[in-house]
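final_21.cif follows; it contains mmCIF, C-alpha atoms.
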data_input
#
loop_
_atom_site.group_PDB
_atom_site.id
_atom_site.type_symbol
_atom_site.label_atom_id
_atom_site.label_comp_id
_atom_site.auth_asym_id
_atom_site.auth_seq_id
_atom_site.Cartn_x
_atom_site.Cartn_y
_atom_site.Cartn_z
ATOM 1 C CA MET A 1 35.424 66.567 57.714
ATOM 2 C CA LYS A 2 37.767 64.121 56.034
ATOM 3 C CA PHE A 3 36.689 61.427 58.459
ATOM 4 C CA ARG A 4 32.973 62.057 57.810
ATOM 5 C CA CYS A 5 33.536 62.021 54.024
ATOM 6 C CA SER A 6 35.495 58.800 54.204
ATOM 7 C CA PHE A 7 32.835 57.225 56.439
ATOM 8 C CA SER A 8 30.113 58.317 54.018
ATOM 9 C CA TRP A 9 31.863 56.686 51.061
ATOM 10 C CA THR A 10 32.481 53.516 53.069
ATOM 11 C CA LEU A 11 28.859 53.308 54.167
ATOM 12 C CA THR A 12 27.664 53.811 50.576
ATOM 13 C CA ALA A 13 29.982 51.097 49.345
ATOM 14 C CA LEU A 14 28.696 48.700 51.992
ATOM 15 C CA LEU A 15 25.092 49.424 51.104
ATOM 16 C CA VAL A 16 25.772 48.893 47.387
ATOM 17 C CA ALA A 17 27.658 45.686 48.088
ATOM 18 C CA SER A 18 24.866 44.340 50.259
ATOM 19 C CA ALA A 19 22.254 45.273 47.647
ATOM 20 C CA ALA A 20 24.155 43.781 44.725
ATOM 21 C CA PRO A 21 23.522 40.103 45.595
ATOM 22 C CA ALA A 22 19.824 40.821 46.104
ATOM 23 C CA ASP A 23 19.612 42.621 42.765
ATOM 24 C CA ALA A 24 21.445 39.799 41.028
ATOM 25 C CA ALA A 25 19.129 37.239 42.607
ATOM 26 C CA ASN A 26 16.066 39.207 41.497
ATOM 27 C CA GLN A 27 17.417 39.500 37.945
ATOM 28 C CA ALA A 28 18.188 35.780 37.859
ATOM 29 C CA ALA A 29 14.707 34.915 39.066
ATOM 30 C CA GLU A 30 13.100 37.229 36.516
ATOM 31 C CA SER A 31 15.217 35.764 33.718
ATOM 32 C CA ALA A 32 14.337 32.218 34.777
ATOM 33 C CA LYS A 33 10.635 33.095 34.512
ATOM 34 C CA HIS A 34 11.121 34.274 30.938
ATOM 35 C CA PHE A 35 13.224 31.249 29.984
ATOM 36 C CA ALA A 36 10.486 28.951 31.291
ATOM 37 C CA ALA A 37 7.726 30.950 29.598
ATOM 38 C CA ILE A 38 9.514 30.780 26.250
ATOM 39 C CA ALA A 39 10.099 27.027 26.641
ATOM 40 C CA GLN A 40 6.382 26.441 27.289
ATOM 41 C CA LEU A 41 5.621 27.821 23.823
ATOM 42 C CA ALA A 42 7.647 25.134 22.037
ATOM 43 C CA GLN A 43 6.052 23.714 18.894
ATOM 44 C CA PRO A 44 7.933 21.106 16.835
ATOM 45 C CA SER A 45 8.390 21.685 13.134
ATOM 46 C CA PRO A 46 6.460 19.568 10.643
ATOM 47 C CA MET A 47 8.718 17.212 8.693
ATOM 48 C CA VAL A 48 8.880 17.244 4.904
ATOM 49 C CA PRO A 49 9.428 14.009 2.954
ATOM 50 C CA ILE A 50 12.234 14.070 0.376
ATOM 51 C CA PRO A 51 11.923 11.199 -2.124
ATOM 52 C CA GLU A 52 14.789 8.928 -3.036
ATOM 53 C CA GLY A 53 16.594 9.710 -6.257
ATOM 54 C CA TRP A 54 19.241 11.761 -8.013
ATOM 55 C CA PHE A 55 19.888 15.482 -7.704
ATOM 56 C CA LEU A 56 22.552 17.940 -8.834
ATOM 57 C CA MET A 57 25.004 18.844 -6.081
ATOM 58 C CA GLY A 58 27.717 21.470 -6.401
ATOM 59 C CA THR A 59 28.585 23.899 -9.173
ATOM 60 C CA ILE A 60 29.941 23.752 -12.712
ATOM 61 C CA ARG A 61 33.085 25.857 -12.934
ATOM 62 C CA LYS A 62 32.497 29.308 -14.418
ATOM 63 C CA ASP A 63 35.279 31.886 -14.838
ATOM 64 C CA ASP A 64 33.912 34.476 -17.266
ATOM 65 C CA ASP A 65 31.687 36.314 -14.764
ATOM 66 C CA PRO A 66 33.617 36.651 -11.476
ATOM 67 C CA TYR A 67 30.884 38.669 -9.739
ATOM 68 C CA GLY A 68 27.908 36.711 -11.025
ATOM 69 C CA MET A 69 25.751 34.639 -8.706
ATOM 70 C CA GLU A 70 26.184 31.545 -10.900
ATOM 71 C CA THR A 71 29.957 31.664 -10.463
ATOM 72 C CA GLN A 72 31.315 29.335 -7.773
ATOM 73 C CA PHE A 73 31.887 30.964 -4.393
ATOM 74 C CA ASP A 74 35.057 28.905 -4.029
ATOM 75 C CA ASP A 75 36.579 25.674 -5.288
ATOM 76 C CA THR A 76 35.138 23.564 -2.474
ATOM 77 C CA GLU A 77 31.744 23.384 -4.206
ATOM 78 C CA MET A 78 33.148 21.829 -7.375
ATOM 79 C CA PRO A 79 32.750 19.766 -9.435
ATOM 80 C CA GLN A 80 29.008 19.487 -9.866
ATOM 81 C CA ARG A 81 27.935 15.873 -9.401
ATOM 82 C CA ARG A 82 24.807 13.763 -9.768
ATOM 83 C CA ILE A 83 24.225 12.333 -6.304
ATOM 84 C CA TRP A 84 21.727 9.680 -5.222
ATOM 85 C CA LEU A 85 20.069 9.933 -1.821
ATOM 86 C CA ASP A 86 17.771 7.432 -0.201
ATOM 87 C CA ALA A 87 14.430 8.796 0.986
ATOM 88 C CA TYR A 88 14.498 10.912 4.131
ATOM 89 C CA GLU A 89 12.535 13.526 6.016
ATOM 90 C CA ILE A 90 13.750 16.929 7.135
ATOM 91 C CA ASP A 91 12.299 19.644 9.342
ATOM 92 C CA ARG A 92 10.384 22.261 7.407
ATOM 93 C CA ASP A 93 11.586 24.916 9.858
ATOM 94 C CA GLU A 94 14.748 25.650 11.757
ATOM 95 C CA VAL A 95 14.648 24.481 15.371
ATOM 96 C CA SER A 96 13.097 27.294 17.382
ATOM 97 C CA LEU A 97 14.444 28.973 20.477
ATOM 98 C CA ALA A 98 11.445 27.669 22.439
ATOM 99 C CA GLU A 99 12.165 24.075 21.383
ATOM 100 C CA TYR A 100 15.802 24.437 22.334
ATOM 101 C CA LEU A 101 15.048 25.955 25.755
ATOM 102 C CA ALA A 102 12.458 23.249 26.449
ATOM 103 C CA TRP A 103 15.067 20.603 25.575
ATOM 104 C CA LEU A 104 17.676 22.176 27.845
ATOM 105 C CA GLN A 105 15.119 22.234 30.624
ATOM 106 C CA ALA A 106 14.166 18.577 30.109
ATOM 107 C CA GLN A 107 17.822 17.534 29.912
ATOM 108 C CA ARG A 108 18.751 19.713 32.892
ATOM 109 C CA ARG A 109 21.441 21.342 30.838
ATOM 110 C CA ARG A 110 22.705 24.810 31.513
ATOM 111 C CA LEU A 111 21.827 27.674 29.208
ATOM 112 C CA SER A 112 24.964 29.219 27.717
ATOM 113 C CA GLU A 113 26.122 32.608 28.976
ATOM 114 C CA GLU A 114 25.850 34.027 25.454
ATOM 115 C CA LEU A 115 22.216 33.058 25.083
ATOM 116 C CA GLN A 116 21.358 34.181 28.618
ATOM 117 C CA ARG A 117 22.818 37.616 27.934
ATOM 118 C CA LEU A 118 21.001 37.886 24.626
ATOM 119 C CA ILE A 119 17.590 37.015 26.054
ATOM 120 C CA ARG A 120 18.050 39.347 29.028
ATOM 121 C CA HIS A 121 19.032 42.159 26.670
ATOM 122 C CA LEU A 122 16.051 41.545 24.403
ATOM 123 C CA ILE A 123 13.715 41.648 27.404
ATOM 124 C CA SER A 124 15.197 44.587 29.319
ATOM 125 C CA VAL A 125 16.268 46.860 26.463
ATOM 126 C CA HIS A 126 14.014 45.943 23.540
ATOM 127 C CA SER A 127 10.957 44.743 25.534
ATOM 128 C CA LEU A 128 10.580 41.774 23.212
ATOM 129 C CA PRO A 129 7.676 39.534 24.280
ATOM 130 C CA ASP A 130 8.280 35.881 25.118
ATOM 131 C CA TYR A 131 5.988 34.690 22.319
ATOM 132 C CA VAL A 132 8.109 36.529 19.734
ATOM 133 C CA MET A 133 11.388 35.073 20.982
ATOM 134 C CA ALA A 134 9.791 31.614 21.120
ATOM 135 C CA ARG A 135 9.563 31.521 17.316
ATOM 136 C CA TRP A 136 13.093 32.781 16.759
ATOM 137 C CA PRO A 137 15.571 30.209 15.505
ATOM 138 C CA ALA A 138 17.771 28.633 18.160
ATOM 139 C CA LEU A 139 21.241 30.175 18.094
ATOM 140 C CA TYR A 140 24.498 30.190 20.041
ATOM 141 C CA ILE A 141 24.411 26.396 19.654
ATOM 142 C CA VAL A 142 27.550 24.269 19.408
ATOM 143 C CA TRP A 143 27.542 21.356 16.971
ATOM 144 C CA GLN A 144 27.307 18.641 19.635
ATOM 145 C CA GLU A 145 24.276 20.272 21.245
ATOM 146 C CA ALA A 146 22.558 20.370 17.859
ATOM 147 C CA ALA A 147 23.395 16.697 17.267
ATOM 148 C CA ASP A 148 22.202 15.748 20.773
ATOM 149 C CA PHE A 149 18.947 17.661 20.357
ATOM 150 C CA CYS A 150 18.157 15.884 17.099
ATOM 151 C CA GLN A 151 19.002 12.494 18.595
ATOM 152 C CA SER A 152 16.681 13.126 21.537
ATOM 153 C CA GLN A 153 13.862 13.652 19.017
ATOM 154 C CA GLY A 154 14.588 10.394 17.190
ATOM 155 C CA LYS A 155 16.302 12.338 14.417
ATOM 156 C CA ARG A 156 19.807 13.481 13.454
ATOM 157 C CA LEU A 157 21.478 16.380 11.728
ATOM 158 C CA PRO A 158 21.080 16.205 7.940
ATOM 159 C CA THR A 159 24.115 15.314 5.886
ATOM 160 C CA GLU A 160 25.461 18.078 3.695
ATOM 161 C CA ALA A 161 24.021 16.307 0.640
ATOM 162 C CA GLU A 162 20.598 15.967 2.272
ATOM 163 C CA TRP A 163 20.627 19.610 3.224
ATOM 164 C CA GLU A 164 21.534 20.687 -0.310
ATOM 165 C CA LYS A 165 18.900 18.525 -2.004
ATOM 166 C CA ALA A 166 16.223 19.873 0.333
ATOM 167 C CA ALA A 167 17.402 23.432 -0.358
ATOM 168 C CA ARG A 168 17.698 23.369 -4.151
ATOM 169 C CA GLY A 169 15.509 20.556 -5.422
ATOM 170 C CA LEU A 170 16.478 18.089 -8.122
ATOM 171 C CA ASP A 171 17.744 20.426 -10.838
ATOM 172 C CA GLY A 172 20.327 22.556 -9.063
ATOM 173 C CA ASN A 173 18.405 25.717 -8.129
ATOM 174 C CA LEU A 174 20.742 28.667 -7.609
ATOM 175 C CA PHE A 175 18.706 29.781 -4.588
ATOM 176 C CA PRO A 176 15.911 27.901 -2.846
ATOM 177 C CA TRP A 177 13.295 29.953 -4.713
ATOM 178 C CA GLY A 178 15.050 29.843 -8.117
ATOM 179 C CA LYS A 179 17.402 32.195 -9.966
ATOM 180 C CA ALA A 180 16.130 35.584 -8.790
ATOM 181 C CA LYS A 181 18.641 37.539 -6.715
ATOM 182 C CA PRO A 182 17.954 37.656 -2.973
ATOM 183 C CA GLU A 183 15.789 40.512 -1.775
ATOM 184 C CA TRP A 184 13.762 41.298 1.300
ATOM 185 C CA GLY A 185 10.783 38.958 1.408
ATOM 186 C CA LEU A 186 12.730 36.053 -0.051
ATOM 187 C CA ALA A 187 15.369 35.807 2.671
ATOM 188 C CA VAL A 188 16.639 37.484 5.830
ATOM 189 C CA PHE A 189 20.197 38.587 5.055
ATOM 190 C CA GLY A 190 22.579 41.539 4.896
ATOM 191 C CA GLN A 191 21.545 42.863 8.315
ATOM 192 C CA TYR A 192 23.835 44.534 10.811
ATOM 193 C CA HIS A 193 23.555 45.451 14.464
ATOM 194 C CA VAL A 194 26.386 47.098 16.364
ATOM 195 C CA HIS A 195 25.683 44.981 19.455
ATOM 196 C CA GLU A 196 25.359 41.707 17.528
ATOM 197 C CA ILE A 197 21.629 41.510 18.255
ATOM 198 C CA PRO A 198 20.299 38.976 15.736
ATOM 199 C CA LEU A 199 17.852 40.428 13.242
ATOM 200 C CA VAL A 200 15.965 37.243 12.458
ATOM 201 C CA ALA A 201 12.484 36.133 11.447
ATOM 202 C CA ALA A 202 10.165 33.517 12.934
ATOM 203 C CA VAL A 203 11.165 30.009 11.887
ATOM 204 C CA ASP A 204 7.765 29.311 10.324
ATOM 205 C CA SER A 205 7.770 32.485 8.213
ATOM 206 C CA GLY A 206 9.282 33.076 4.783
ATOM 207 C CA GLU A 207 6.671 31.618 2.456
ATOM 208 C CA GLU A 208 7.958 33.474 -0.612
ATOM 209 C CA GLY A 209 11.478 32.124 -0.219
ATOM 210 C CA ARG A 210 10.595 28.460 0.258
ATOM 211 C CA SER A 211 12.664 25.713 -1.328
ATOM 212 C CA PRO A 212 11.186 23.437 -4.025
ATOM 213 C CA PHE A 213 10.170 21.007 -1.266
ATOM 214 C CA GLY A 214 8.547 23.768 0.789
ATOM 215 C CA LEU A 215 11.210 24.335 3.455
ATOM 216 C CA HIS A 216 11.528 27.747 5.118
ATOM 217 C CA HIS A 217 14.741 29.766 5.498
ATOM 218 C CA MET A 218 17.111 27.470 3.634
ATOM 219 C CA ALA A 219 18.792 30.758 2.737
ATOM 220 C CA GLY A 220 19.468 33.364 5.420
ATOM 221 C CA ASN A 221 17.970 33.805 8.899
ATOM 222 C CA VAL A 222 20.526 31.535 10.594
ATOM 223 C CA ALA A 223 23.104 29.339 8.922
ATOM 224 C CA GLU A 224 22.720 25.673 9.838
ATOM 225 C CA TRP A 225 24.969 22.980 11.235
ATOM 226 C CA VAL A 226 24.966 19.760 9.225
ATOM 227 C CA TRP A 227 26.416 16.333 9.985
ATOM 228 C CA ASP A 228 29.548 16.391 7.820
ATOM 229 C CA TRP A 229 33.059 17.501 8.482
ATOM 230 C CA LEU A 230 34.019 20.140 5.925
ATOM 231 C CA GLY A 231 36.308 18.571 3.332
ATOM 232 C CA ILE A 232 37.737 21.144 0.935
ATOM 233 C CA ASP A 233 38.273 18.568 -1.851
ATOM 234 C CA TYR A 234 35.505 16.163 -0.859
ATOM 235 C CA TYR A 235 33.314 16.753 -3.921
ATOM 236 C CA VAL A 236 35.974 15.245 -6.175
ATOM 237 C CA MET A 237 36.005 11.936 -4.323
ATOM 238 C CA MET A 238 32.652 11.631 -2.579
ATOM 239 C CA PRO A 239 30.602 8.517 -3.350
ATOM 240 C CA GLU A 240 27.688 9.055 -5.686
ATOM 241 C CA ARG A 241 25.265 7.412 -3.265
ATOM 242 C CA ASN A 242 24.445 8.760 0.199
ATOM 243 C CA PRO A 243 27.696 10.633 0.922
ATOM 244 C CA GLN A 244 28.361 11.173 4.622
ATOM 245 C CA GLY A 245 31.320 13.553 4.445
ATOM 246 C CA PRO A 246 34.944 12.971 5.464
ATOM 247 C CA ALA A 247 35.726 10.773 8.471
ATOM 248 C CA THR A 248 37.551 13.587 10.303
ATOM 249 C CA GLY A 249 38.237 17.280 10.020
ATOM 250 C CA ARG A 250 38.753 20.563 11.797
ATOM 251 C CA TYR A 251 35.500 22.291 10.824
ATOM 252 C CA LYS A 252 31.929 21.107 10.628
ATOM 253 C CA SER A 253 30.000 22.209 7.563
ATOM 254 C CA VAL A 254 27.563 25.095 7.949
ATOM 255 C CA ARG A 255 25.089 25.825 5.180
ATOM 256 C CA GLY A 256 22.596 28.443 4.046
ATOM 257 C CA GLY A 257 23.992 31.803 5.129
ATOM 258 C CA SER A 258 22.551 33.939 7.917
ATOM 259 C CA TRP A 259 20.930 37.258 8.749
ATOM 260 C CA LYS A 260 24.359 38.912 8.366
ATOM 261 C CA SER A 261 25.364 37.241 5.101
ATOM 262 C CA LYS A 262 26.043 38.742 1.705
ATOM 263 C CA PRO A 263 23.912 37.404 -1.192
ATOM 264 C CA GLU A 264 26.579 34.996 -2.467
ATOM 265 C CA MET A 265 26.497 33.126 0.857
ATOM 266 C CA LEU A 266 22.804 32.396 0.280
ATOM 267 C CA ARG A 267 23.452 30.330 -2.843
ATOM 268 C CA THR A 268 22.335 26.737 -2.311
ATOM 269 C CA ALA A 269 25.777 25.432 -3.341
ATOM 270 C CA THR A 270 27.881 27.793 -1.212
ATOM 271 C CA ARG A 271 29.663 25.982 1.585
ATOM 272 C CA GLY A 272 30.872 27.288 4.922
ATOM 273 C CA GLY A 273 32.314 25.828 8.088
ATOM 274 C CA ALA A 274 32.938 26.485 11.763
ATOM 275 C CA VAL A 275 34.808 24.770 14.576
ATOM 276 C CA PRO A 276 32.327 22.436 16.311
ATOM 277 C CA ASP A 277 32.432 24.250 19.665
ATOM 278 C CA GLN A 278 31.763 27.704 18.211
ATOM 279 C CA ARG A 279 28.762 29.572 19.593
ATOM 280 C CA ALA A 280 27.566 32.213 17.182
ATOM 281 C CA ALA A 281 24.542 34.467 16.809
ATOM 282 C CA THR A 282 24.475 33.393 13.158
ATOM 283 C CA ILE A 283 24.336 29.565 13.469
ATOM 284 C CA GLY A 284 21.368 27.335 14.247
ATOM 285 C CA PHE A 285 20.154 24.010 12.865
ATOM 286 C CA ARG A 286 17.315 21.747 11.757
ATOM 287 C CA CYS A 287 16.947 17.950 11.988
ATOM 288 C CA ALA A 288 16.377 15.080 9.581
ATOM 289 C CA ARG A 289 15.777 11.328 9.692
ATOM 290 C CA ALA A 290 15.975 8.399 7.316
ATOM 291 C CA VAL A 291 12.831 6.806 5.874
ATOM 292 C CA PHE A 292 12.978 3.024 5.832
ATOM 293 C CA GLN A 293 10.948 1.609 2.986
#

Translate the structure of the given file into structure tokens.
Amino acid sequence: MKFRCSFSWTLTALLVASAAPADAANQAAESAKHFAAIAQLAQPSPMVPIPEGWFLMGTIRKDDDPYGMETQFDDTEMPQRRIWLDAYEIDRDEVSLAEYLAWLQAQRRRLSEELQRLIRHLISVHSLPDYVMARWPALYIVWQEAADFCQSQGKRLPTEAEWEKAARGLDGNLFPWGKAKPEWGLAVFGQYHVHEIPLVAAVDSGEEGRSPFGLHHMAGNVAEWVWDWLGIDYYVMMPERNPQGPATGRYKSVRGGSWKSKPEMLRTATRGGAVPDQRAATIGFRCARAVFQ
């Protein structure tokens, strides 16, 4: 009896082991079909022209209302400065997941494990269609991948100053849409999922929360990599014309807040940062390019 029981368990184990590679191969093939289908739906974002000129960058110090939205998030966004930027163009929408997958495919680059797991989970557990995921913002992107993507399109990541001007307009908007506090319909924020499943909106949605120049999701959805290193005292010393950020640093600047963020992170002046090789479900990007007149 003991022998038969042991043999039975051994036989079962062998059958499972022999089936496992086949199952894994089938899952990989099925996933590859979805990755390719999503990539085929790629549609580039229209670009929005931002005219040359001055704008207000940063925040005037305010200490009498510590919980107010007009109070600085931290000292890194001070002092407020008048900054001149030459004319440029910037993507109206965040780079979509379909665009990013199509680029990886064209470049023969490997899809990160984090993004593979996410897409498989969305397909197998949540039955999310390919066309829905195609319009999601790209995420789990390291800074260099974002920079390389933009370069391959004849663009680049926006500087922190370019991002802020595009987000708030010329007169220092508190949020892209104005002074009203964030609420559902204006931005995607304050969401939570126990399994870190992003709760995001299509990159070309969000009409009510547009910036003064008509850009979508400059607050919430995914935070966005920009060109600059994050300098904690940079605003004090930055040049008044076309600042490019510090020459070196530990963190790259990340702007705009994400689907998980609290309202104060959605302020157009609030600054954040992340190590360049961080992959997060909360960080994506958009591209920009100079306009030569």

Result set of the PyMOL selection byres ((chain A and resi 56-71) around 6) on the coordinates above, as an MDAnalysis selection string | chainID A and resid 55 72 77:82 171:172 269

Proximity check stretch 199-285 of chain A to stretch 185-189 of chain A, 10 Å, nearest pairs one decimal Å, all atoms listed in the file, as a tab-separated table:
residue	atom	partner	partner_atom	distance
A:Leu199	CA	A:Val188	CA	8.1
A:Val200	CA	A:Val188	CA	6.7
A:Ala201	CA	A:Val188	CA	7.1
A:Ser205	CA	A:Gly185	CA	9.9
A:Gly206	CA	A:Leu186	CA	6.6
A:Glu207	CA	A:Leu186	CA	7.9
A:Glu208	CA	A:Leu186	CA	5.5
A:Gly209	CA	A:Leu186	CA	4.1
A:Arg210	CA	A:Leu186	CA	7.9
A:His216	CA	A:Ala187	CA	9.3
A:His217	CA	A:Ala187	CA	6.7
A:Met218	CA	A:Ala187	CA	8.6
A:Ala219	CA	A:Ala187	CA	6.1
A:Gly220	CA	A:Val188	CA	5.0
A:Asn221	CA	A:Val188	CA	5.0
A:Val222	CA	A:Val188	CA	8.6
A:Gly257	CA	A:Phe189	CA	7.8
A:Ser258	CA	A:Phe189	CA	5.9
A:Trp259	CA	A:Phe189	CA	4.0
A:Lys260	CA	A:Phe189	CA	5.3
A:Ser261	CA	A:Phe189	CA	5.3
A:Lys262	CA	A:Phe189	CA	6.7
A:Pro263	CA	A:Phe189	CA	7.4
A:Met265	CA	A:Phe189	CA	9.3
A:Leu266	CA	A:Phe189	CA	8.2

Show me, as a compact mmCIF listing (two decimals) with C-alpha atoms, in the frame of the given file, the residues that have an atom within 7 Å of A:Arg289 when counting all atoms listed in the file, minus same-chain residues fewer than 5 positions from it.
# COMPACT_ATOMS: atom_id res chain seq x y z
CA TYR A 88 14.50 10.91 4.13
CA GLU A 89 12.54 13.53 6.02
CA ILE A 90 13.75 16.93 7.14
CA LYS A 155 16.30 12.34 14.42
CA ARG A 156 19.81 13.48 13.45

Any idea what the distance is between atom CA of A:Glu162 and atom CA of A:Asp93?
->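 These atoms are spaced 14.8 Å apart.
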
Report the closest atom pair, with its distance in Å rounded to one decimal, for each residue of stretch 123-207 of chain A that has an atom no farther than 8 Å from stretch 237-251 of chain A; count all atoms listed in the file, sort by chain and then rising residue number, and write it as a tab-separated table.
residue	atom	partner	partner_atom	distance
A:Thr159	CA	A:Gln244	CA	6.1
A:Glu160	CA	A:Gly245	CA	7.4
A:Ala161	CA	A:Pro243	CA	6.8

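The space between atom CA of A:Glu94 and atom CA of A:Glu224 spans 8.2 Å.
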
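When the PyMOL selection byres ((chain A and resi 287) around 7) is run on the displayed coordinates, the residues it returns are Ile90, Asp91, Cys150, Lys155, Arg156, Leu157, Pro158, Phe285, Arg286 and Ala288 of chain A.
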
Please dump the current selection as an mmCIF file, in the coordinates of the input; keep C-alpha atoms.
data_model
loop_
_atom_site.group_PDB
_atom_site.id
_atom_site.type_symbol
_atom_site.label_atom_id
_atom_site.label_comp_id
_atom_site.auth_asym_id
_atom_site.auth_seq_id
_atom_site.Cartn_x
_atom_site.Cartn_y
_atom_site.Cartn_z
ATOM 1 C CA ILE A 90 13.750 16.929 7.135
ATOM 2 C CA ASP A 91 12.299 19.644 9.342
ATOM 3 C CA CYS A 150 18.157 15.884 17.099
ATOM 4 C CA LYS A 155 16.302 12.338 14.417
ATOM 5 C CA ARG A 156 19.807 13.481 13.454
ATOM 6 C CA LEU A 157 21.478 16.380 11.728
ATOM 7 C CA PRO A 158 21.080 16.205 7.940
ATOM 8 C CA PHE A 285 20.154 24.010 12.865
ATOM 9 C CA ARG A 286 17.315 21.747 11.757
ATOM 10 C CA ALA A 288 16.377 15.080 9.581
#

Ground truth for the PyMOL selection byres ((chain A and resi 283) around 8), written as an NGL selection string = :A and (139-141 or 222-225 or 254 or 258 or 279-282 or 284-285)

Do a neighbour search on A:Pro212 at 12 Å with all atoms listed in the file, toss out local chain neighbours closer than 3 positions, and write the hits as JSON, numbers by chain.
-> {"A": [48, 49, 50, 92, 164, 165, 166, 167, 168, 169, 170, 171, 172, 173, 174, 175, 176, 177, 178, 207, 208, 209, 215, 216, 217, 218, 268]}

In Å, with one decimal, what is the gap from atom CA of A:Ala102 to atom CA of A:Ala29?
-> 17.3 Å

For A:Lys181, the nearest of the candidates A:Lys252, A:Pro276, A:Arg267, A:Leu85, counting all atoms listed in the file |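 Smallest distance to A:Lys181 is found for A:Arg267.
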
From the set A:Asp277, A:Glu52, A:Asp204, A:Asp148, which residue has the shortest atom-to-atom contact distance to A:Val132, counting only C-alpha atoms?
->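 Selected residue with least distance to A:Val132: A:Asp204.
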
With distances taken over all atoms listed in the file, which of A:Gly53, A:Gly214, A:Gly273, A:Gly154 is nearest to A:Val226?
-> A:Gly273

Kindly add all heavy atoms to the incomplete stretch 212-217 of chain A and provide the output as a compact mmCIF listing (two decimals), keeping the file's coordinate frame.
# COMPACT_ATOMS: atom_id res chain seq x y z
N PRO A 212 12.12 24.22 -3.20
CA PRO A 212 11.19 23.44 -4.03
C PRO A 212 10.38 22.41 -3.24
O PRO A 212 9.28 22.04 -3.65
CB PRO A 212 12.10 22.75 -5.04
CG PRO A 212 13.26 23.68 -5.18
CD PRO A 212 13.48 24.23 -3.80
N PHE A 213 10.91 21.96 -2.11
CA PHE A 213 10.17 21.01 -1.27
C PHE A 213 9.37 21.69 -0.17
O PHE A 213 8.76 21.02 0.66
CB PHE A 213 11.15 20.01 -0.64
CG PHE A 213 11.77 19.07 -1.65
CD1 PHE A 213 13.11 19.23 -2.01
CD2 PHE A 213 11.03 18.07 -2.24
CE1 PHE A 213 13.68 18.37 -2.94
CE2 PHE A 213 11.60 17.20 -3.17
CZ PHE A 213 12.93 17.35 -3.52
N GLY A 214 9.37 23.03 -0.15
CA GLY A 214 8.55 23.77 0.79
C GLY A 214 9.19 24.10 2.11
O GLY A 214 8.50 24.47 3.06
N LEU A 215 10.53 24.02 2.21
CA LEU A 215 11.21 24.34 3.46
C LEU A 215 11.42 25.84 3.60
O LEU A 215 11.68 26.54 2.61
CB LEU A 215 12.56 23.62 3.53
CG LEU A 215 12.54 22.17 4.01
CD1 LEU A 215 11.86 21.26 2.99
CD2 LEU A 215 13.94 21.68 4.30
N HIS A 216 11.32 26.33 4.83
CA HIS A 216 11.53 27.75 5.12
C HIS A 216 12.98 28.04 5.48
O HIS A 216 13.65 27.23 6.11
CB HIS A 216 10.66 28.18 6.32
CG HIS A 216 9.19 28.09 6.06
ND1 HIS A 216 8.30 27.63 7.01
CD2 HIS A 216 8.44 28.39 4.97
CE1 HIS A 216 7.08 27.67 6.52
NE2 HIS A 216 7.13 28.12 5.29
N HIS A 217 13.45 29.20 5.07
CA HIS A 217 14.74 29.77 5.50
C HIS A 217 15.93 28.84 5.21
O HIS A 217 16.85 28.74 6.03
CB HIS A 217 14.70 30.14 6.99
CG HIS A 217 13.68 31.18 7.32
ND1 HIS A 217 13.73 32.46 6.79
CD2 HIS A 217 12.57 31.12 8.10
CE1 HIS A 217 12.68 33.15 7.25
NE2 HIS A 217 11.98 32.35 8.04
